[in-house]
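Dumped protein-v6.csv below, it's CSV, C-alpha atoms:
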chain,number,residue,atom,x,y,z
N,24,MET,CA,-11.9,-2.3,19.6
N,25,GLU,CA,-11.6,-1.5,15.9
N,26,GLU,CA,-15.3,-0.8,15.7
N,27,GLN,CA,-14.9,1.8,18.4
N,28,GLU,CA,-12.1,3.3,16.4
N,29,LEU,CA,-14.3,3.6,13.3
N,30,GLU,CA,-17.0,5.1,15.4
N,31,SER,CA,-14.7,7.8,16.7
N,32,GLY,CA,-15.5,9.7,13.5
N,33,LYS,CA,-12.2,11.5,13.4
N,34,ILE,CA,-11.1,11.9,9.8
N,35,ARG,CA,-7.6,12.9,9.0
N,36,LYS,CA,-5.6,13.4,5.9
N,37,PHE,CA,-3.2,10.5,5.5
N,38,ILE,CA,-0.5,10.4,2.9
N,39,TYR,CA,1.6,7.4,2.1
N,40,VAL,CA,4.7,8.3,0.2
N,41,ASN,CA,6.3,5.4,-1.7
N,42,ARG,CA,9.9,6.1,-2.5
N,43,LYS,CA,11.5,2.7,-3.2
N,44,ALA,CA,11.6,0.3,-6.1
N,45,PRO,CA,8.9,-2.5,-5.9
N,46,HIS,CA,11.4,-5.3,-5.6
N,47,GLY,CA,14.8,-5.8,-4.0
N,48,THR,CA,13.4,-4.8,-0.6
N,49,ILE,CA,10.1,-5.5,1.1
N,50,TYR,CA,9.3,-1.9,1.8
N,51,ALA,CA,7.0,-1.3,-1.1
N,52,HIS,CA,5.1,-4.6,-0.7
N,53,GLU,CA,4.5,-4.0,3.1
N,54,ALA,CA,3.6,-0.4,2.5
N,55,LEU,CA,0.8,-1.5,0.2
N,56,GLU,CA,-0.4,-3.8,3.0
N,57,VAL,CA,-0.7,-0.7,5.3
N,58,VAL,CA,-2.7,1.1,2.7
N,59,LEU,CA,-5.2,-1.8,2.3
N,60,ILE,CA,-5.7,-2.0,6.1
N,61,ALA,CA,-6.0,1.7,6.4
N,62,ALA,CA,-8.8,1.7,3.8
N,63,ALA,CA,-11.1,0.2,6.5
N,64,PHE,CA,-10.7,3.2,8.7
N,65,GLU,CA,-12.4,5.6,6.3
N,66,GLN,CA,-9.8,8.2,6.4
N,67,ASP,CA,-8.8,10.7,3.7
N,68,VAL,CA,-6.1,8.7,1.9
N,69,SER,CA,-3.6,9.8,-0.7
N,70,LEU,CA,-0.7,7.9,-2.2
N,71,ALA,CA,2.4,9.6,-3.6
N,72,PHE,CA,5.1,7.9,-5.7
N,73,ILE,CA,8.5,9.6,-5.9
N,74,ASP,CA,12.1,8.6,-6.6
N,75,ASP,CA,12.4,4.8,-7.5
N,76,GLY,CA,8.9,4.5,-6.0
N,77,VAL,CA,7.5,5.4,-9.4
N,78,TYR,CA,8.6,1.9,-10.6
N,79,GLN,CA,6.0,0.4,-8.3
N,80,LEU,CA,3.4,1.5,-10.9
N,81,LYS,CA,5.3,0.2,-13.9
N,82,LYS,CA,3.2,-1.8,-16.3
N,83,GLY,CA,4.0,-5.4,-17.2
N,84,GLN,CA,5.9,-6.5,-14.1
N,85,ASN,CA,6.8,-10.1,-13.9
N,86,THR,CA,8.4,-11.5,-10.7
N,87,ASP,CA,8.5,-15.2,-11.8
N,88,GLY,CA,12.3,-15.2,-11.9
N,89,ILE,CA,12.7,-13.9,-8.3
N,90,ALA,CA,9.9,-15.9,-6.6
N,91,THR,CA,8.4,-12.9,-5.0
N,92,LYS,CA,4.8,-11.8,-5.1
N,93,ASN,CA,3.8,-9.6,-8.0
N,94,PHE,CA,1.8,-7.1,-5.9
N,95,SER,CA,1.7,-4.5,-8.7
N,96,LYS,CA,-1.7,-5.8,-9.7
N,97,THR,CA,-3.1,-4.7,-6.4
N,98,PHE,CA,-2.7,-1.0,-7.3
N,99,GLY,CA,-5.3,-1.6,-9.9
N,100,ALA,CA,-7.8,-2.7,-7.2
N,101,LEU,CA,-7.2,0.2,-4.9
N,102,ASP,CA,-10.3,2.1,-6.2
N,103,MET,CA,-12.4,-0.8,-4.8
N,104,TYR,CA,-11.1,0.2,-1.4
N,105,ASP,CA,-12.0,3.9,-2.1
N,106,VAL,CA,-8.3,4.7,-2.4
N,107,GLU,CA,-8.5,6.9,-5.5
N,108,LYS,CA,-5.9,9.7,-5.0
N,109,LEU,CA,-2.6,8.5,-6.6
N,110,TYR,CA,0.0,11.1,-7.3
N,111,VAL,CA,3.3,10.6,-9.2
N,112,GLU,CA,6.1,13.1,-9.2
N,113,LYS,CA,6.9,14.3,-12.7
N,114,GLU,CA,10.6,14.8,-12.1
N,115,SER,CA,11.0,11.2,-10.8
N,116,LEU,CA,9.3,9.9,-14.0
N,117,ASP,CA,11.4,12.1,-16.2
N,118,ALA,CA,14.7,11.1,-14.6
N,119,ARG,CA,13.9,7.5,-15.3
N,120,GLY,CA,12.7,7.9,-18.9
N,121,LEU,CA,9.1,7.0,-17.9
N,122,SER,CA,5.8,8.6,-18.9
N,123,GLU,CA,2.1,8.2,-18.0
N,124,GLU,CA,1.8,5.4,-20.7
N,125,ASP,CA,4.2,3.3,-18.8
N,126,LEU,CA,2.0,3.2,-15.7
N,127,SER,CA,-0.5,0.5,-14.9
N,128,VAL,CA,-3.1,2.7,-13.2
N,129,ASP,CA,-4.7,6.2,-13.5
N,130,VAL,CA,-2.7,8.7,-11.6
N,131,GLU,CA,-2.2,12.4,-11.4
N,132,ILE,CA,1.2,13.5,-12.3
N,133,LEU,CA,2.4,16.5,-10.3
N,134,PRO,CA,5.6,18.6,-10.4
N,135,ALA,CA,7.7,18.4,-7.1
N,136,LEU,CA,6.5,21.8,-6.0
N,137,ASP,CA,2.8,20.8,-6.1
N,138,LEU,CA,3.6,17.5,-4.4
N,139,LYS,CA,5.4,19.4,-1.6
N,140,LYS,CA,2.2,21.5,-1.1
N,141,LEU,CA,0.2,18.3,-0.9
N,142,PHE,CA,2.6,16.9,1.8
N,143,ASN,CA,2.3,20.1,3.8
N,144,GLU,CA,-1.5,19.8,3.7
N,145,SER,CA,-1.4,16.3,5.0
N,146,GLU,CA,-1.8,15.5,8.7
N,147,VAL,CA,-0.4,12.0,8.9
N,148,PHE,CA,2.6,11.3,6.9
N,149,PHE,CA,3.9,7.7,6.3
N,150,ASN,CA,6.9,7.2,4.1
N,151,PHE,CA,8.1,3.9,2.9
Z,27,MET,CA,2.1,16.6,22.6
Z,28,LYS,CA,1.0,13.0,21.9
Z,29,PHE,CA,3.4,11.1,19.7
Z,30,GLY,CA,2.9,8.0,17.7
Z,31,VAL,CA,6.2,6.3,16.8
Z,32,LEU,CA,6.8,3.9,13.9
Z,33,ILE,CA,10.1,1.9,13.7
Z,34,ASN,CA,10.8,0.2,10.4
Z,35,GLU,CA,14.3,-1.3,10.9
Z,36,GLY,CA,15.7,-4.2,12.9
Z,37,PRO,CA,18.0,-3.8,15.9
Z,38,TYR,CA,21.8,-3.4,15.5
Z,39,GLN,CA,21.7,-3.5,11.7
Z,40,HIS,CA,20.3,0.0,11.7
Z,41,GLN,CA,20.2,3.0,14.0
Z,42,ALA,CA,16.5,3.6,13.6
Z,43,SER,CA,15.6,1.7,16.8
Z,44,ASP,CA,18.3,3.5,18.8
Z,45,SER,CA,17.2,6.9,17.6
Z,46,ALA,CA,13.6,6.1,18.4
Z,47,TYR,CA,14.6,5.0,21.8
Z,48,LYS,CA,16.5,8.2,22.4
Z,49,PHE,CA,13.6,10.3,21.0
Z,50,ILE,CA,11.1,8.7,23.3
Z,51,GLU,CA,13.3,9.1,26.3
Z,52,ALA,CA,13.7,12.8,25.5
Z,53,ALA,CA,10.0,13.3,24.7
Z,54,ILE,CA,8.9,11.8,28.0
Z,55,GLU,CA,11.5,13.8,29.8
Z,56,GLU,CA,10.0,16.9,28.3
Z,57,GLY,CA,6.6,16.0,29.4
Z,58,HIS,CA,5.2,14.6,26.2
Z,59,GLU,CA,3.1,11.5,25.9
Z,60,ILE,CA,3.9,8.4,23.7
Z,61,TYR,CA,0.6,7.1,22.4
Z,62,ARG,CA,2.1,3.9,20.9
Z,63,VAL,CA,5.3,2.5,19.4
Z,64,PHE,CA,4.6,0.4,16.4
Z,65,PHE,CA,7.2,-1.9,14.9
Z,66,TYR,CA,7.0,-2.7,11.2
Z,67,HIS,CA,9.1,-4.3,8.5
Z,68,ASP,CA,12.3,-5.7,10.1
Z,69,GLY,CA,11.5,-3.5,13.0
Z,70,VAL,CA,9.5,-6.4,14.5
Z,71,ASN,CA,12.9,-8.0,15.3
Z,72,ASN,CA,13.4,-5.5,18.1
Z,73,GLY,CA,10.9,-7.6,20.1
Z,74,THR,CA,12.8,-10.8,20.4
Z,75,ARG,CA,13.8,-11.9,23.9
Z,76,LEU,CA,16.4,-14.4,22.5
Z,77,ALA,CA,19.0,-11.8,21.6
Z,78,THR,CA,22.4,-12.1,23.3
Z,79,PRO,CA,24.5,-9.1,22.3
Z,80,PRO,CA,28.1,-8.8,23.6
Z,81,GLN,CA,28.2,-7.6,27.2
Z,82,ASP,CA,29.8,-4.3,26.3
Z,83,ASP,CA,27.0,-3.4,23.9
Z,84,ARG,CA,23.5,-2.2,24.6
Z,85,HIS,CA,20.8,-4.8,24.8
Z,86,ILE,CA,18.2,-3.3,22.4
Z,87,PRO,CA,15.2,-5.5,23.1
Z,88,ASN,CA,15.7,-5.5,26.9
Z,89,ARG,CA,16.2,-1.7,26.8
Z,90,TRP,CA,12.7,-1.4,25.1
Z,91,SER,CA,11.1,-3.7,27.7
Z,92,GLU,CA,12.6,-1.7,30.5
Z,93,LEU,CA,11.5,1.6,29.0
Z,94,ALA,CA,8.0,0.2,28.5
Z,95,GLU,CA,7.9,-1.0,32.1
Z,96,LYS,CA,9.0,2.3,33.4
Z,97,HIS,CA,6.7,4.5,31.4
Z,98,ASP,CA,3.9,2.1,30.6
Z,99,LEU,CA,4.6,2.2,26.8
Z,100,ASP,CA,2.5,0.3,24.3
Z,101,LEU,CA,5.0,-1.6,22.2
Z,102,VAL,CA,3.2,-3.3,19.2
Z,103,LEU,CA,4.7,-5.6,16.6
Z,104,CYS,CA,2.7,-5.9,13.4
Z,105,VAL,CA,1.3,-9.4,13.2
Z,106,ALA,CA,1.8,-9.8,9.4
Z,107,ALA,CA,5.4,-8.6,9.6
Z,108,ALA,CA,6.0,-10.7,12.7
Z,109,GLN,CA,4.6,-13.9,11.1
Z,110,ARG,CA,6.9,-13.5,8.1
Z,111,ARG,CA,9.9,-13.0,10.3
Z,112,GLY,CA,9.2,-15.6,13.0
Z,113,MET,CA,8.3,-13.3,15.9
Z,114,VAL,CA,5.9,-15.3,18.0
Z,115,ASP,CA,3.9,-14.7,21.2
Z,116,GLU,CA,1.9,-17.3,23.0
Z,117,GLY,CA,-1.3,-16.6,20.9
Z,118,GLU,CA,0.6,-16.8,17.6
Z,119,MET,CA,2.4,-20.0,18.8
Z,120,GLU,CA,-0.9,-21.7,19.3
Z,121,ARG,CA,-2.6,-20.3,16.2
Z,122,ASN,CA,0.2,-21.3,13.9
Z,123,LYS,CA,1.2,-24.4,15.7
Z,124,LYS,CA,4.8,-23.4,16.5
Z,125,ASP,CA,6.9,-25.1,19.1
Z,126,ALA,CA,8.1,-21.9,20.8
Z,127,ASN,CA,7.6,-18.2,21.2
Z,128,ASN,CA,10.2,-15.5,21.4
Z,129,ILE,CA,8.5,-12.2,22.2
Z,130,ALA,CA,10.2,-10.0,24.9
Z,131,ASP,CA,8.4,-8.7,27.9
Z,132,LYS,CA,6.0,-5.7,27.4
Z,133,PHE,CA,5.8,-6.2,23.6
Z,134,ARG,CA,2.6,-7.4,22.1
Z,135,ILE,CA,1.6,-8.5,18.6
Z,136,SER,CA,-1.4,-6.9,16.9
Z,137,GLY,CA,-2.6,-5.7,13.5
Z,138,LEU,CA,-1.8,-2.8,11.3
Z,139,GLY,CA,-5.0,-1.2,12.4
Z,140,GLN,CA,-3.0,-0.2,15.5
Z,141,LEU,CA,-0.7,1.8,13.4
Z,142,ILE,CA,-3.5,3.6,11.6
Z,143,GLU,CA,-5.3,4.2,14.9
Z,144,ALA,CA,-2.1,5.8,16.3
Z,145,GLY,CA,-2.0,8.0,13.2
Z,146,ILE,CA,-5.6,9.1,13.9
Z,147,GLN,CA,-5.2,9.6,17.7
Z,148,ALA,CA,-1.6,11.0,18.0
Z,149,ASP,CA,-0.9,14.6,17.4
Z,150,ARG,CA,2.2,13.6,15.4
Z,151,MET,CA,3.4,10.3,13.8
Z,152,ILE,CA,7.2,10.0,13.7
Z,153,THR,CA,8.9,7.4,11.5
Z,154,PHE,CA,12.3,6.0,12.2
Z,155,GLY,CA,13.8,4.1,9.3
Z,156,ASP,CA,15.2,4.4,5.8
Written as structure tokens, that's how I'd like the structure from this file.
Amino acid sequence: MEEQELESGKIRKFIYVNRKAPHGTIYAHEALEVVLIAAAFEQDVSLAFIDDGVYQLKKGQNTDGIATKNFSKTFGALDMYDVEKLYVEKESLDARGLSEEDLSVDVEILPALDLKKLFNESEVFFNF
Amino acid sequence: MKFGVLINEGPYQHQASDSAYKFIEAAIEEGHEIYRVFFYHDGVNNGTRLATPPQDDRHIPNRWSELAEKHDLDLVLCVAAAQRRGMVDEGEMERNKKDANNIADKFRISGLGQLIEAGIQADRMITFGD
């Protein structure tokens, strides 16, 4: 069945908007699982990080003390899945005292207005 | 219009499942089509047949089963989310050597690919959750 889906040839603009802190709830971790599966469908994929979601990309995470999986390393492997468009909202970084140097992967930092435009251009919107 | 629906929260704890149910009822009433209802995160808990809510309350899992029966809805629980949370159908019971299954009528367990496919095939994806 999945092969048929891939052969359907329909390519849509997907955007995954990550809004939540990486730990404390499972949303961020399971959202990343969606992105990894989605990569097999050869769609046009973008990821956006806003609000506390920007913490998902924070360098130097260590989850030893809370016995959860440190999935932050997976973001660094996304380019192997051809997921290369990562956007981070500037205002969200600023509000949290973070800058590009604090992030573990290459991203494009966009002001909220530009991000809104990106959202409007997307066809399939998932927010986690 | 053809809708895909994603439900990310568990029953009773959160209104997401109730709102999605009402949305789907209204959409069908208006002549729209529901391509698939995909349950993710704690949303998979909507698919348990072992719930026993008080009699004066709505029975959320049964209500989904009945709506699916009536309108031939495709209710899909994400397998990875279901495995974490102990939602089990007969296939999963055998595969993971469990002593029971608990999936309600008209629900099925499948992969996240079903969610992506809904995103591709449906005209609109609607998410219910936080």
Contacts of Gln140 in chain Z at 8 Å (all atoms listed in the file; same-chain gap of 4+ positions) as a ChimeraX atom specification: /Z:64,102,136,144
Atom pair CA of Gly112 in chain Z / CA of Ile142 in chain Z: separation (Å):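 Straight-line distance from CA of Gly112 in chain Z to CA of Ile142 in chain Z works out to 23.1 Å.
All protein, DNA and RNA residues at most 7 Å from (12.0, -5.6, 20.3) are Val70, Asn71, Asn72, Gly73, Thr74, Ile86, Pro87, Trp90 and Ala130 of chain Z, using all atoms listed in the file.
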Chain N contacts to chain Z at 9 Å (all atoms listed in the file) as a list of chain:residue names: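 The answer, sorted by residue number, is N:Glu25, N:Glu28, N:Lys33, N:Ile34, N:Arg35, N:Phe37, N:Ile49, N:Tyr50, N:Glu53, N:Glu56, N:Val57, N:Ile60, N:Ala61, N:Ala63, N:Phe64, N:Gln66, N:Glu146, N:Val147, N:Phe148, N:Phe149, N:Asn150, N:Phe151.
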Close residues, Ala94 in chain Z itself excluded, 12 Å, only C-alpha atoms, min 4 positions apart in chain, as a list of chain:residue names: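 Skipping anything fewer than 4 positions along the chain leaves Z:Tyr47, Z:Ile50, Z:Glu51, Z:Ile54, Z:Ile60, Z:Tyr61, Z:Arg62, Z:Val63, Z:Gly73, Z:Pro87, Z:Asn88, Z:Arg89, Z:Trp90, Z:Asp98, Z:Leu99, Z:Asp100, Z:Leu101, Z:Val102, Z:Ala130, Z:Asp131, Z:Lys132, Z:Phe133, Z:Arg134.
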Could you tell me, as an mmCIF file with C-alpha atoms, in the coordinates of the input, which residues have any atom at most 8 Å from (16.2, -13.4, 21.8), counting all atoms listed in the file?
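Generated output (selection.cif):
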data_model
loop_
_atom_site.group_PDB
_atom_site.id
_atom_site.type_symbol
_atom_site.label_atom_id
_atom_site.label_comp_id
_atom_site.auth_asym_id
_atom_site.auth_seq_id
_atom_site.Cartn_x
_atom_site.Cartn_y
_atom_site.Cartn_z
ATOM 1 C CA THR Z 74 12.800 -10.800 20.400
ATOM 2 C CA ARG Z 75 13.800 -11.900 23.900
ATOM 3 C CA LEU Z 76 16.400 -14.400 22.500
ATOM 4 C CA ALA Z 77 19.000 -11.800 21.600
ATOM 5 C CA THR Z 78 22.400 -12.100 23.300
ATOM 6 C CA ASN Z 128 10.200 -15.500 21.400
ATOM 7 C CA ILE Z 129 8.500 -12.200 22.200
ATOM 8 C CA ALA Z 130 10.200 -10.000 24.900
#
Contacts of Ser95 in chain N within 12 Å, all atoms listed in the file, excl. fewer than 3 positions in-chain, as a PyMOL selection string: chain N and resi 44-46+51-52+55-56+76-86+91-92+98-101+126-128
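Put simply, CA of Asp102 in chain N is 17.4 Å away from CA of Val40 in chain N.
The space separating CA of Ser115 in chain N from CA of Ala90 in chain N comes to 27.4 Å.
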Nearest candidate to His58 in chain Z (options Z:Ser91, Z:Gly30, Z:Glu118, Z:Leu103; using all atoms listed in the file):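 Going through Z:Ser91, Z:Gly30, Z:Glu118, Z:Leu103 one by one, the smallest distance to His58 in chain Z is for Z:Gly30.
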